[in-house]
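> Below is the file upload_1.cif, with mmCIF, C-alpha atoms.
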data_final
loop_
_atom_site.group_PDB
_atom_site.id
_atom_site.type_symbol
_atom_site.label_atom_id
_atom_site.label_comp_id
_atom_site.auth_asym_id
_atom_site.auth_seq_id
_atom_site.Cartn_x
_atom_site.Cartn_y
_atom_site.Cartn_z
ATOM 1 C CA LYS A 276 -28.237 -4.837 10.836
ATOM 2 C CA LYS A 277 -30.828 -6.808 12.804
ATOM 3 C CA VAL A 278 -33.625 -4.489 11.668
ATOM 4 C CA LEU A 279 -32.561 -4.701 8.019
ATOM 5 C CA GLY A 280 -32.489 -8.485 8.310
ATOM 6 C CA LEU A 281 -36.182 -8.730 9.158
ATOM 7 C CA PRO A 282 -37.925 -10.541 6.280
ATOM 8 C CA ASP A 283 -41.258 -8.735 6.587
ATOM 9 C CA LEU A 284 -39.811 -5.197 6.797
ATOM 10 C CA PRO A 285 -41.259 -3.024 3.980
ATOM 11 C CA ALA A 286 -38.790 -1.582 1.437
ATOM 12 C CA LYS A 287 -39.745 1.970 2.389
ATOM 13 C CA ARG A 288 -38.985 1.291 6.045
ATOM 14 C CA LYS A 289 -35.645 -0.329 5.134
ATOM 15 C CA ALA A 290 -34.761 2.748 3.092
ATOM 16 C CA GLU A 291 -35.578 4.957 6.077
ATOM 17 C CA VAL A 292 -33.350 2.879 8.379
ATOM 18 C CA LEU A 293 -30.511 3.026 5.849
ATOM 19 C CA SER A 294 -30.895 6.801 5.550
ATOM 20 C CA PHE A 295 -30.554 7.147 9.351
ATOM 21 C CA ARG A 296 -27.450 4.958 9.209
ATOM 22 C CA ALA A 297 -26.084 7.146 6.406
ATOM 23 C CA LYS A 298 -26.641 10.189 8.607
ATOM 24 C CA ALA A 299 -24.789 8.512 11.491
ATOM 25 C CA HIS A 300 -21.844 7.706 9.232
ATOM 26 C CA ARG A 301 -21.832 11.237 7.823
ATOM 27 C CA LEU A 302 -21.759 12.737 11.338
ATOM 28 C CA MET A 303 -18.927 10.347 12.241
ATOM 29 C CA ALA A 304 -16.986 11.527 9.175
ATOM 30 C CA GLU A 305 -17.435 15.166 10.194
ATOM 31 C CA SER A 306 -16.374 14.506 13.778
ATOM 32 C CA LYS A 307 -13.223 12.690 12.648
ATOM 33 C CA LYS A 308 -12.418 15.346 10.063
ATOM 34 C CA ALA A 309 -12.206 18.235 12.524
ATOM 35 C CA PRO A 310 -8.817 18.294 14.356
ATOM 36 C CA LYS A 311 -8.913 18.412 18.128
ATOM 37 C CA GLU A 312 -8.265 21.706 19.873
ATOM 38 C CA GLY A 313 -4.623 22.307 20.669
ATOM 39 C CA SER A 314 -3.413 19.530 18.365
ATOM 40 C CA ILE A 315 -0.274 20.276 16.393
ATOM 41 C CA GLY A 316 1.801 18.520 13.776
ATOM 42 C CA ASP A 317 0.692 14.997 12.908
ATOM 43 C CA ALA A 318 -2.056 15.157 15.538
ATOM 44 C CA ALA A 319 -3.753 17.929 13.543
ATOM 45 C CA LEU A 320 -3.936 15.810 10.401
ATOM 46 C CA GLU A 321 -7.282 14.485 9.222
ATOM 47 C CA ASP A 322 -8.257 11.095 10.609
ATOM 48 C CA PRO A 323 -8.319 8.404 7.855
ATOM 49 C CA LEU A 324 -11.595 7.164 9.338
ATOM 50 C CA SER A 325 -13.231 10.388 8.139
ATOM 51 C CA GLY A 326 -13.039 9.419 4.465
ATOM 52 C CA LEU A 327 -14.016 5.826 5.210
ATOM 53 C CA ALA A 328 -17.096 6.905 7.179
ATOM 54 C CA ALA A 329 -18.112 9.245 4.353
ATOM 55 C CA GLU A 330 -17.876 6.364 1.882
ATOM 56 C CA TRP A 331 -20.067 4.239 4.174
ATOM 57 C CA ALA A 332 -22.622 7.044 4.258
ATOM 58 C CA ILE A 333 -22.690 7.208 0.446
ATOM 59 C CA GLU A 334 -23.088 3.417 0.166
ATOM 60 C CA ASP A 335 -25.981 3.440 2.639
ATOM 61 C CA ALA A 336 -27.616 6.350 0.799
ATOM 62 C CA GLU A 337 -27.386 4.626 -2.580
ATOM 63 C CA GLU A 338 -28.738 1.378 -1.165
ATOM 64 C CA ALA A 339 -31.653 3.256 0.412
ATOM 65 C CA LEU A 340 -32.465 5.024 -2.865
ATOM 66 C CA LYS A 341 -32.562 1.671 -4.660
ATOM 67 C CA LEU A 342 -35.281 0.596 -2.249
ATOM 68 C CA ASP A 343 -37.138 3.909 -2.240
ATOM 69 C CA ALA A 344 -36.268 6.611 -4.792
ATOM 70 C CA SER A 345 -38.398 9.144 -2.882
ATOM 71 C CA CYS A 346 -36.251 8.966 0.283
ATOM 72 C CA PHE A 347 -35.069 12.584 0.554
ATOM 73 C CA LEU A 348 -32.997 12.047 3.721
ATOM 74 C CA ALA A 349 -30.872 9.328 2.078
ATOM 75 C CA ALA A 350 -30.101 11.427 -1.003
ATOM 76 C CA TRP A 351 -29.370 14.502 1.144
ATOM 77 C CA GLU A 352 -27.004 12.699 3.544
ATOM 78 C CA GLY A 353 -25.222 10.974 0.640
ATOM 79 C CA ALA A 354 -24.692 14.287 -1.165
ATOM 80 C CA ILE A 355 -23.302 15.958 1.976
ATOM 81 C CA ALA A 356 -20.951 13.021 2.569
ATOM 82 C CA ALA A 357 -19.767 13.108 -1.060
ATOM 83 C CA LYS A 358 -19.084 16.830 -0.744
ATOM 84 C CA SER A 359 -16.906 16.253 2.330
ATOM 85 C CA ILE A 360 -14.545 13.943 0.420
ATOM 86 C CA ALA A 361 -14.729 15.875 -2.886
ATOM 87 C CA TRP A 362 -16.647 13.243 -4.839
ATOM 88 C CA TRP A 363 -18.209 15.960 -6.968
ATOM 89 C CA SER A 364 -19.885 13.847 -9.628
ATOM 90 C CA LYS A 365 -21.377 11.473 -7.062
ATOM 91 C CA GLY A 366 -22.480 14.426 -4.915
ATOM 92 C CA ARG A 367 -24.239 16.187 -7.801
ATOM 93 C CA HIS A 368 -26.033 12.958 -8.733
ATOM 94 C CA LEU A 369 -27.285 12.455 -5.162
ATOM 95 C CA ALA A 370 -28.270 16.133 -4.819
ATOM 96 C CA LYS A 371 -30.284 15.814 -8.023
ATOM 97 C CA GLN A 372 -31.998 12.728 -6.610
ATOM 98 C CA ALA A 373 -32.771 14.716 -3.452
ATOM 99 C CA MET A 374 -34.465 17.411 -5.560
ATOM 100 C CA GLN A 375 -36.485 14.771 -7.372
ATOM 101 C CA ALA A 376 -37.448 13.051 -4.106
ATOM 102 C CA VAL A 377 -39.178 16.150 -2.712
ATOM 103 C CA PRO A 378 -42.946 16.132 -3.395
ATOM 104 C CA ALA A 379 -44.370 18.931 -5.521
ATOM 105 C CA GLY A 380 -46.196 21.851 -3.961
ATOM 106 C CA PRO A 381 -45.437 24.925 -1.852
ATOM 107 C CA LYS A 382 -45.303 22.874 1.352
ATOM 108 C CA HIS A 383 -41.965 21.297 0.384
ATOM 109 C CA ARG A 384 -40.555 24.286 -1.470
ATOM 110 C CA ALA A 385 -37.853 24.913 1.153
ATOM 111 C CA GLN A 386 -36.535 21.367 0.831
ATOM 112 C CA ARG A 387 -36.408 21.654 -2.949
ATOM 113 C CA GLU A 388 -34.518 24.949 -2.799
ATOM 114 C CA THR A 389 -32.082 23.540 -0.223
ATOM 115 C CA ALA A 390 -31.299 20.531 -2.432
ATOM 116 C CA SER A 391 -30.968 22.801 -5.471
ATOM 117 C CA THR A 392 -28.569 25.063 -3.558
ATOM 118 C CA LEU A 393 -26.483 22.030 -2.583
ATOM 119 C CA PHE A 394 -26.334 20.920 -6.230
ATOM 120 C CA ILE A 395 -25.092 24.370 -7.327
ATOM 121 C CA LEU A 396 -22.613 24.508 -4.432
ATOM 122 C CA LEU A 397 -21.121 21.152 -5.454
ATOM 123 C CA ALA A 398 -20.701 22.346 -9.050
ATOM 124 C CA GLU A 399 -19.091 25.624 -7.903
ATOM 125 C CA GLU A 400 -16.679 23.889 -5.531
ATOM 126 C CA GLU A 401 -15.674 21.408 -8.231
ATOM 127 C CA GLU A 402 -14.982 24.279 -10.633
ATOM 128 C CA GLY A 403 -13.044 26.095 -7.911
ATOM 129 C CA GLU A 404 -10.913 23.016 -7.243
ATOM 130 C CA LYS A 405 -10.155 22.660 -10.957
ATOM 131 C CA ASN A 406 -9.130 26.325 -11.194
ATOM 132 C CA ARG A 407 -6.958 25.958 -8.099
ATOM 133 C CA LYS A 408 -5.160 22.941 -9.543
ATOM 134 C CA VAL A 409 -4.582 24.777 -12.837
ATOM 135 C CA LYS A 410 -3.086 27.734 -10.953
ATOM 136 C CA GLU A 411 -0.876 25.406 -8.899
ATOM 137 C CA MET A 412 0.400 23.739 -12.071
ATOM 138 C CA GLN A 413 1.088 27.117 -13.665
ATOM 139 C CA ALA A 414 2.880 28.323 -10.525
ATOM 140 C CA ALA A 415 4.993 25.153 -10.441
ATOM 141 C CA LYS A 416 5.834 25.637 -14.105
ATOM 142 C CA GLU A 417 6.866 29.246 -13.500
ATOM 143 C CA LYS A 418 9.051 28.238 -10.543
ATOM 144 C CA ARG A 419 10.897 25.673 -12.654
ATOM 145 C CA PRO A 420 14.519 26.826 -12.860
ATOM 146 C CA GLU A 421 15.569 28.074 -16.264
ATOM 147 C CA ILE A 422 18.226 25.981 -17.964
ATOM 148 C CA VAL A 423 21.399 27.987 -18.492
ATOM 149 C CA VAL A 424 23.372 26.983 -21.567
ATOM 150 C CA ASP A 425 26.926 28.066 -22.240
ATOM 151 C CA PRO A 426 26.953 30.195 -25.441
ATOM 152 C CA LYS A 427 30.129 28.405 -26.525
ATOM 153 C CA GLU A 428 28.346 25.047 -26.172
ATOM 154 C CA LEU A 429 25.466 26.329 -28.315
ATOM 155 C CA GLU A 430 27.890 27.568 -30.934
ATOM 156 C CA TRP A 431 29.706 24.193 -30.918
ATOM 157 C CA ALA A 432 26.437 22.278 -31.322
ATOM 158 C CA ARG A 433 25.260 24.439 -34.224
ATOM 159 C CA ASP A 434 28.641 24.199 -35.912
ATOM 160 C CA ILE A 435 29.066 20.413 -35.706
ATOM 161 C CA ALA A 436 25.400 19.649 -36.455
ATOM 162 C CA THR A 437 25.583 21.742 -39.603
ATOM 163 C CA GLN A 438 28.792 20.014 -40.711
ATOM 164 C CA LEU A 439 27.437 16.518 -40.040
ATOM 165 C CA ASN A 440 24.234 17.254 -41.926
ATOM 166 C CA GLU A 441 26.023 18.745 -44.941
ATOM 167 C CA VAL A 442 28.148 15.659 -45.601
ATOM 168 C CA LEU A 443 24.980 13.532 -45.680
ATOM 169 C CA LYS A 444 23.760 15.573 -48.655
ATOM 170 C CA LEU A 445 26.714 14.555 -50.827
ATOM 171 C CA GLU A 446 26.184 12.100 -53.649
ATOM 172 C CA ASP A 447 28.909 9.721 -52.446
ATOM 173 C CA PHE A 448 26.805 9.108 -49.324
ATOM 174 C CA ARG A 449 23.312 9.245 -50.777
ATOM 175 C CA ARG A 450 23.867 6.750 -53.589
ATOM 176 C CA PRO A 451 25.378 3.862 -51.541
ATOM 177 C CA HIS A 452 22.912 4.592 -48.716
ATOM 178 C CA HIS A 453 20.025 4.212 -51.142
ATOM 179 C CA GLN A 454 21.441 0.972 -52.504
ATOM 180 C CA LEU A 455 21.721 -0.468 -48.984
ATOM 181 C CA TRP A 456 18.164 0.490 -48.059
ATOM 182 C CA LYS A 457 16.885 -1.234 -51.182
ATOM 183 C CA LEU A 458 17.957 -4.498 -49.531
ATOM 184 C CA VAL A 459 15.552 -3.916 -46.624
ATOM 185 C CA GLY A 460 12.088 -5.317 -47.194
ATOM 186 C CA PRO A 461 9.410 -7.737 -45.968
ATOM 187 C CA GLY A 462 10.703 -11.206 -45.152
ATOM 188 C CA LEU A 463 14.259 -10.074 -44.429
ATOM 189 C CA HIS A 464 15.751 -12.119 -41.591
ATOM 190 C CA LYS A 465 16.855 -10.362 -38.439
ATOM 191 C CA LYS A 466 20.503 -11.308 -38.921
ATOM 192 C CA ASP A 467 20.519 -9.977 -42.500
ATOM 193 C CA ALA A 468 18.770 -6.761 -41.420
ATOM 194 C CA GLU A 469 21.369 -6.181 -38.695
ATOM 195 C CA GLU A 470 24.146 -6.568 -41.275
ATOM 196 C CA VAL A 471 22.497 -3.992 -43.541
ATOM 197 C CA PHE A 472 22.068 -1.543 -40.656
ATOM 198 C CA SER A 473 25.686 -2.113 -39.664
ATOM 199 C CA GLU A 474 26.806 -1.251 -43.199
ATOM 200 C CA ILE A 475 24.698 1.922 -43.104
ATOM 201 C CA ARG A 476 26.227 2.829 -39.739
ATOM 202 C CA ASN A 477 29.748 2.300 -41.110
ATOM 203 C CA LEU A 478 28.922 4.436 -44.135
ATOM 204 C CA VAL A 479 27.722 7.270 -41.887
ATOM 205 C CA TRP A 480 30.818 7.240 -39.709
ATOM 206 C CA GLU A 481 33.128 7.127 -42.730
ATOM 207 C CA LYS A 482 31.746 10.584 -43.527
ATOM 208 C CA TRP A 483 31.577 11.808 -39.936
ATOM 209 C CA ASN A 484 34.942 10.620 -38.596
ATOM 210 C CA SER A 485 36.970 13.477 -40.043
ATOM 211 C CA ILE A 486 34.551 16.042 -38.555
ATOM 212 C CA ALA A 487 34.485 14.285 -35.182
ATOM 213 C CA TRP A 488 38.298 14.227 -35.028
ATOM 214 C CA LEU A 489 38.384 18.002 -35.555
ATOM 215 C CA HIS A 490 36.268 18.341 -32.415
ATOM 216 C CA GLY A 491 38.363 15.953 -30.331
ATOM 217 C CA TYR A 492 36.370 12.716 -30.697
ATOM 218 C CA ARG A 493 38.311 9.622 -31.835
ATOM 219 C CA THR A 494 35.336 7.959 -33.467
ATOM 220 C CA SER A 495 37.245 5.885 -36.022
ATOM 221 C CA TRP A 496 37.529 2.936 -33.622
ATOM 222 C CA ASP A 497 35.992 4.087 -30.326
ATOM 223 C CA VAL A 498 32.229 3.479 -30.049
ATOM 224 C CA LYS A 499 32.152 5.282 -26.678
ATOM 225 C CA ALA A 500 33.491 8.411 -28.362
ATOM 226 C CA ARG A 501 30.660 8.206 -30.901
ATOM 227 C CA GLN A 502 28.110 7.892 -28.126
ATOM 228 C CA LYS A 503 29.606 10.822 -26.187
ATOM 229 C CA MET A 504 29.521 13.089 -29.213
ATOM 230 C CA CYS A 505 25.934 12.178 -30.102
ATOM 231 C CA SER A 506 24.796 12.505 -26.467
ATOM 232 C CA ARG A 507 26.440 15.903 -26.074
ATOM 233 C CA LEU A 508 24.758 17.139 -29.238
ATOM 234 C CA VAL A 509 21.283 15.904 -28.271
ATOM 235 C CA ASN A 510 21.665 17.285 -24.714
ATOM 236 C CA VAL A 511 22.130 20.763 -26.152
ATOM 237 C CA ALA A 512 19.112 20.263 -28.404
ATOM 238 C CA ASN A 513 16.947 19.237 -25.418
ATOM 239 C CA THR A 514 17.657 22.414 -23.434
ATOM 240 C CA GLY A 515 14.986 24.267 -25.391
ATOM 241 C CA LYS A 516 17.510 26.928 -26.352
ATOM 242 C CA ALA A 517 18.603 25.348 -29.624
ATOM 243 C CA ASP A 518 15.596 24.560 -31.805
ATOM 244 C CA ASP A 519 17.799 24.821 -34.896
ATOM 245 C CA VAL A 520 20.034 22.026 -33.545
ATOM 246 C CA LYS A 521 16.982 19.852 -32.801
ATOM 247 C CA LYS A 522 15.764 20.445 -36.356
ATOM 248 C CA LEU A 523 19.148 19.430 -37.780
ATOM 249 C CA ILE A 524 19.186 16.230 -35.677
ATOM 250 C CA LYS A 525 15.718 15.326 -36.936
ATOM 251 C CA GLU A 526 16.856 15.979 -40.524
ATOM 252 C CA MET A 527 19.897 13.728 -40.038
ATOM 253 C CA GLU A 528 17.697 10.949 -38.633
ATOM 254 C CA ASP A 529 15.495 11.206 -41.725
ATOM 255 C CA ARG A 530 18.484 11.106 -44.073
ATOM 256 C CA ILE A 531 20.105 8.118 -42.345
ATOM 257 C CA CYS A 532 16.783 6.355 -41.583
ATOM 258 C CA LEU A 533 17.983 5.370 -38.108
ATOM 259 C CA ASP A 534 16.988 6.683 -34.684
ATOM 260 C CA TRP A 535 19.586 9.006 -33.185
ATOM 261 C CA PRO A 536 20.630 6.640 -30.339
ATOM 262 C CA GLU A 537 21.234 3.844 -32.874
ATOM 263 C CA ILE A 538 23.543 5.861 -35.091
ATOM 264 C CA ALA A 539 26.453 5.440 -32.699
ATOM 265 C CA GLU A 540 25.806 1.768 -31.965
ATOM 266 C CA ALA A 541 23.060 -0.808 -32.485
ATOM 267 C CA ALA A 542 20.653 -1.046 -29.566
ATOM 268 C CA ASP A 543 18.966 -4.263 -28.474
ATOM 269 C CA LYS A 544 15.241 -3.620 -28.161
ATOM 270 C CA ILE A 545 13.152 -5.624 -25.726
ATOM 271 C CA GLU A 546 10.033 -6.956 -27.395
ATOM 272 C CA HIS A 547 8.236 -7.715 -24.121
ATOM 273 C CA ASP A 548 9.025 -7.961 -20.460
ATOM 274 C CA GLU A 549 6.908 -10.022 -18.089
ATOM 275 C CA THR A 550 9.343 -10.402 -15.202
ATOM 276 C CA TRP A 551 6.417 -9.887 -12.822
ATOM 277 C CA ALA A 552 4.779 -13.115 -14.085
ATOM 278 C CA TRP A 553 6.947 -15.507 -12.079
ATOM 279 C CA THR A 554 6.188 -19.138 -12.864
ATOM 280 C CA ARG A 555 7.660 -22.604 -13.281
ATOM 281 C CA HIS A 556 8.797 -23.528 -16.786
ATOM 282 C CA ALA A 557 8.457 -26.910 -18.482
ATOM 283 C CA ASP A 558 12.180 -27.607 -17.972
ATOM 284 C CA GLY A 559 11.789 -27.221 -14.196
ATOM 285 C CA THR A 560 13.351 -23.767 -13.949
ATOM 286 C CA TRP A 561 11.640 -20.734 -12.472
ATOM 287 C CA GLY A 562 11.287 -17.366 -14.194
ATOM 288 C CA ALA A 563 9.036 -15.087 -16.219
ATOM 289 C CA TRP A 564 5.998 -16.637 -17.858
ATOM 290 C CA GLY A 565 6.972 -15.219 -21.252
ATOM 291 C CA ARG A 566 10.708 -15.360 -21.858
ATOM 292 C CA THR A 567 12.072 -11.871 -22.485
ATOM 293 C CA THR A 568 13.483 -11.653 -25.993
ATOM 294 C CA LEU A 569 15.710 -9.089 -27.615
ATOM 295 C CA ARG A 570 15.708 -7.930 -31.170
#
Would you give me this structure, written as structure tokens?


Amino acid sequence: KKVLGLPDLPAKRKAEVLSFRAKAHRLMAESKKAPKEGSIGDAALEDPLSGLAAEWAIEDAEEALKLDASCFLAAWEGAIAAKSIAWWSKGRHLAKQAMQAVPAGPKHRAQRETASTLFILLAEEEEGEKNRKVKEMQAAKEKRPEIVVDPKELEWARDIATQLNEVLKLEDFRRPHHQLWKLVGPGLHKKDAEEVFSEIRNLVWEKWNSIAWLHGYRTSWDVKARQKMCSRLVNVANTGKADDVKKLIKEMEDRICLDWPEIAEAADKIEHDETWAWTRHADGTWGAWGRTTLR
């Protein structure tokens, strides 16, 4: 630090000092990375200082190259340090700078080939790491336990979904449903829109109640029973074993023009939530900066 603080020190000399410091940090990273002999358990884990020292080495190398782009040692040490902590892009960039820093001619051919080899090695290791991660993801996907669905449950879901969808095709549902939706448009107040949606919901359950009762759900007055029936149906659809049921649910959503969770009961949707922005309001109370509102 004292040497770098000298005002009359040439930029090339500063770059050389920084490259030596980068080498010292890189060696420190390597020494901290290797576990001690005989160490077991947590003692064998990599020292956190290893990654930090490697980052210091890269910072010193980059600072040296800003002062002198032809400083081969700085680019080389930075690339090696980047390789040790798997900073592939940074390592390739520094290795390329090391190749460019070597003077032309047969005298420095070995240095050029060494830097070129390091560049290729970084690219190969990056590709190997990507392939390894892909294989790990595939292995984890294959190990995922298969969902077992009761055949009777599948049969029930197909049966009731078909019945519910068929009654929505009848004219005595389609005509009043269309008339209600004609009331929905730009400028409609929230309260009026909720009343229209409530009427649509009542119309749907007037057609579905008789079917639900046949399957043991008292949906005429019990909202919880409606939610249980809808949840049970969508749970079967989400197993991946009943694509036909999922297709029927989507078709029913399109016919009713409501999301599936809102068919059983209206859901309050949060427009925004800034509970993290704790502040003092104008009335003296404390709370979120933007009051959370429901719609």

> Between CA of Ala539 in chain A and CA of Leu455 in chain A, what is the distance in Å, rounded to a tenth?

18.0 Å

> Evaluated on this file, the PyMOL selection byres ((chain A and resi 418-429) around 9) picks out some residues - which ones are they, written as a ChimeraX atom specification?

/A:413-417,430-434,511-512,514-517,520

> What's around range 493-508 of chain A at 10 Å? Count only C-alpha atoms, leave out sequence neighbours fewer than 6 positions away in its own chain, and write the answer as a VMD selection string.

chain A and resid 428 to 429 431 to 433 435 to 436 477 480 to 481 483 to 487 520 to 521 524 535 to 540

> Determine the residue set returned by the PyMOL selection byres ((chain A and resi 375) around 10) for the present structure, and present it as a list in words.

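Selection result, ordered by chain and number: Ala344, Ser345, Cys346, Phe347, Ala350, Leu369, Ala370, Lys371, Gln372, Ala373, Met374, Ala376, Val377, Pro378, Ala379, Arg387, Ala390 and Ser391 of chain A.
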
> With distances taken over all atoms listed in the file, which residue among A:Val409, A:Leu533, A:Ala349, A:Ala398 lies nearest Phe472 in chain A?

A:Leu533

> Measuring between all atoms listed in the file, which one of A:Glu305, A:Ala328, A:Ala336, A:Leu439 shows the shortest distance to Leu348 in chain A?

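Ranked by minimum distance to Leu348 in chain A, first place goes to A:Ala336.
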
> Excluding Ala332 in chain A and its own-chain neighbours fewer than 2 positions away, which residues fall within 7 Å of it when counting only C-alpha atoms? Please give them as a list in words.

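In the requested format, the answer is Ala297, Lys298, His300, Arg301, Ala328, Ala329, Glu330, Glu334, Asp335, Ala336, Gly353 and Ala356 of chain A.
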
> Counting only C-alpha atoms, which residue out of A:Ala541, A:Val442, A:Leu393, A:Met412 sits closest to Arg476 in chain A?

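Using only C-alpha atoms, the shortest distance to Arg476 in chain A belongs to A:Ala541.
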
> Record the distance separating CA of His452 in chain A and CA of Asn513 in chain A, expressed in Å with one decimal.

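According to the coordinates, CA of His452 in chain A and CA of Asn513 in chain A are separated by 28.2 Å.
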
> Using only C-alpha atoms, which residue out of A:Leu489, A:Leu302, A:Leu342, A:Arg530 lies closest to Ile355 in chain A?

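The shortest atom-to-atom distance to Ile355 in chain A comes from A:Leu302.
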
> Which of these residues is nearest to Lys365 in chain A, using only C-alpha atoms: A:Glu401, A:Gln386, A:Leu293, A:Ser325?

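For Lys365 in chain A, the nearest of the given residues is A:Glu401.
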
> May I ask for the distance between CA of Asp519 in chain A and CA of Trp456 in chain A, given in Å to one decimal place?

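Taking CA of Asp519 in chain A and CA of Trp456 in chain A, their separation equals 27.7 Å.
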
> Give the answer as one residue: which of A:His490, A:Lys466, A:Thr389, A:Ser364 has the shortest atom-to-atom distance to Glu402 in chain A, using only C-alpha atoms?

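Looking only at the distances to Glu402 in chain A, the closest residue turns out to be A:Ser364.
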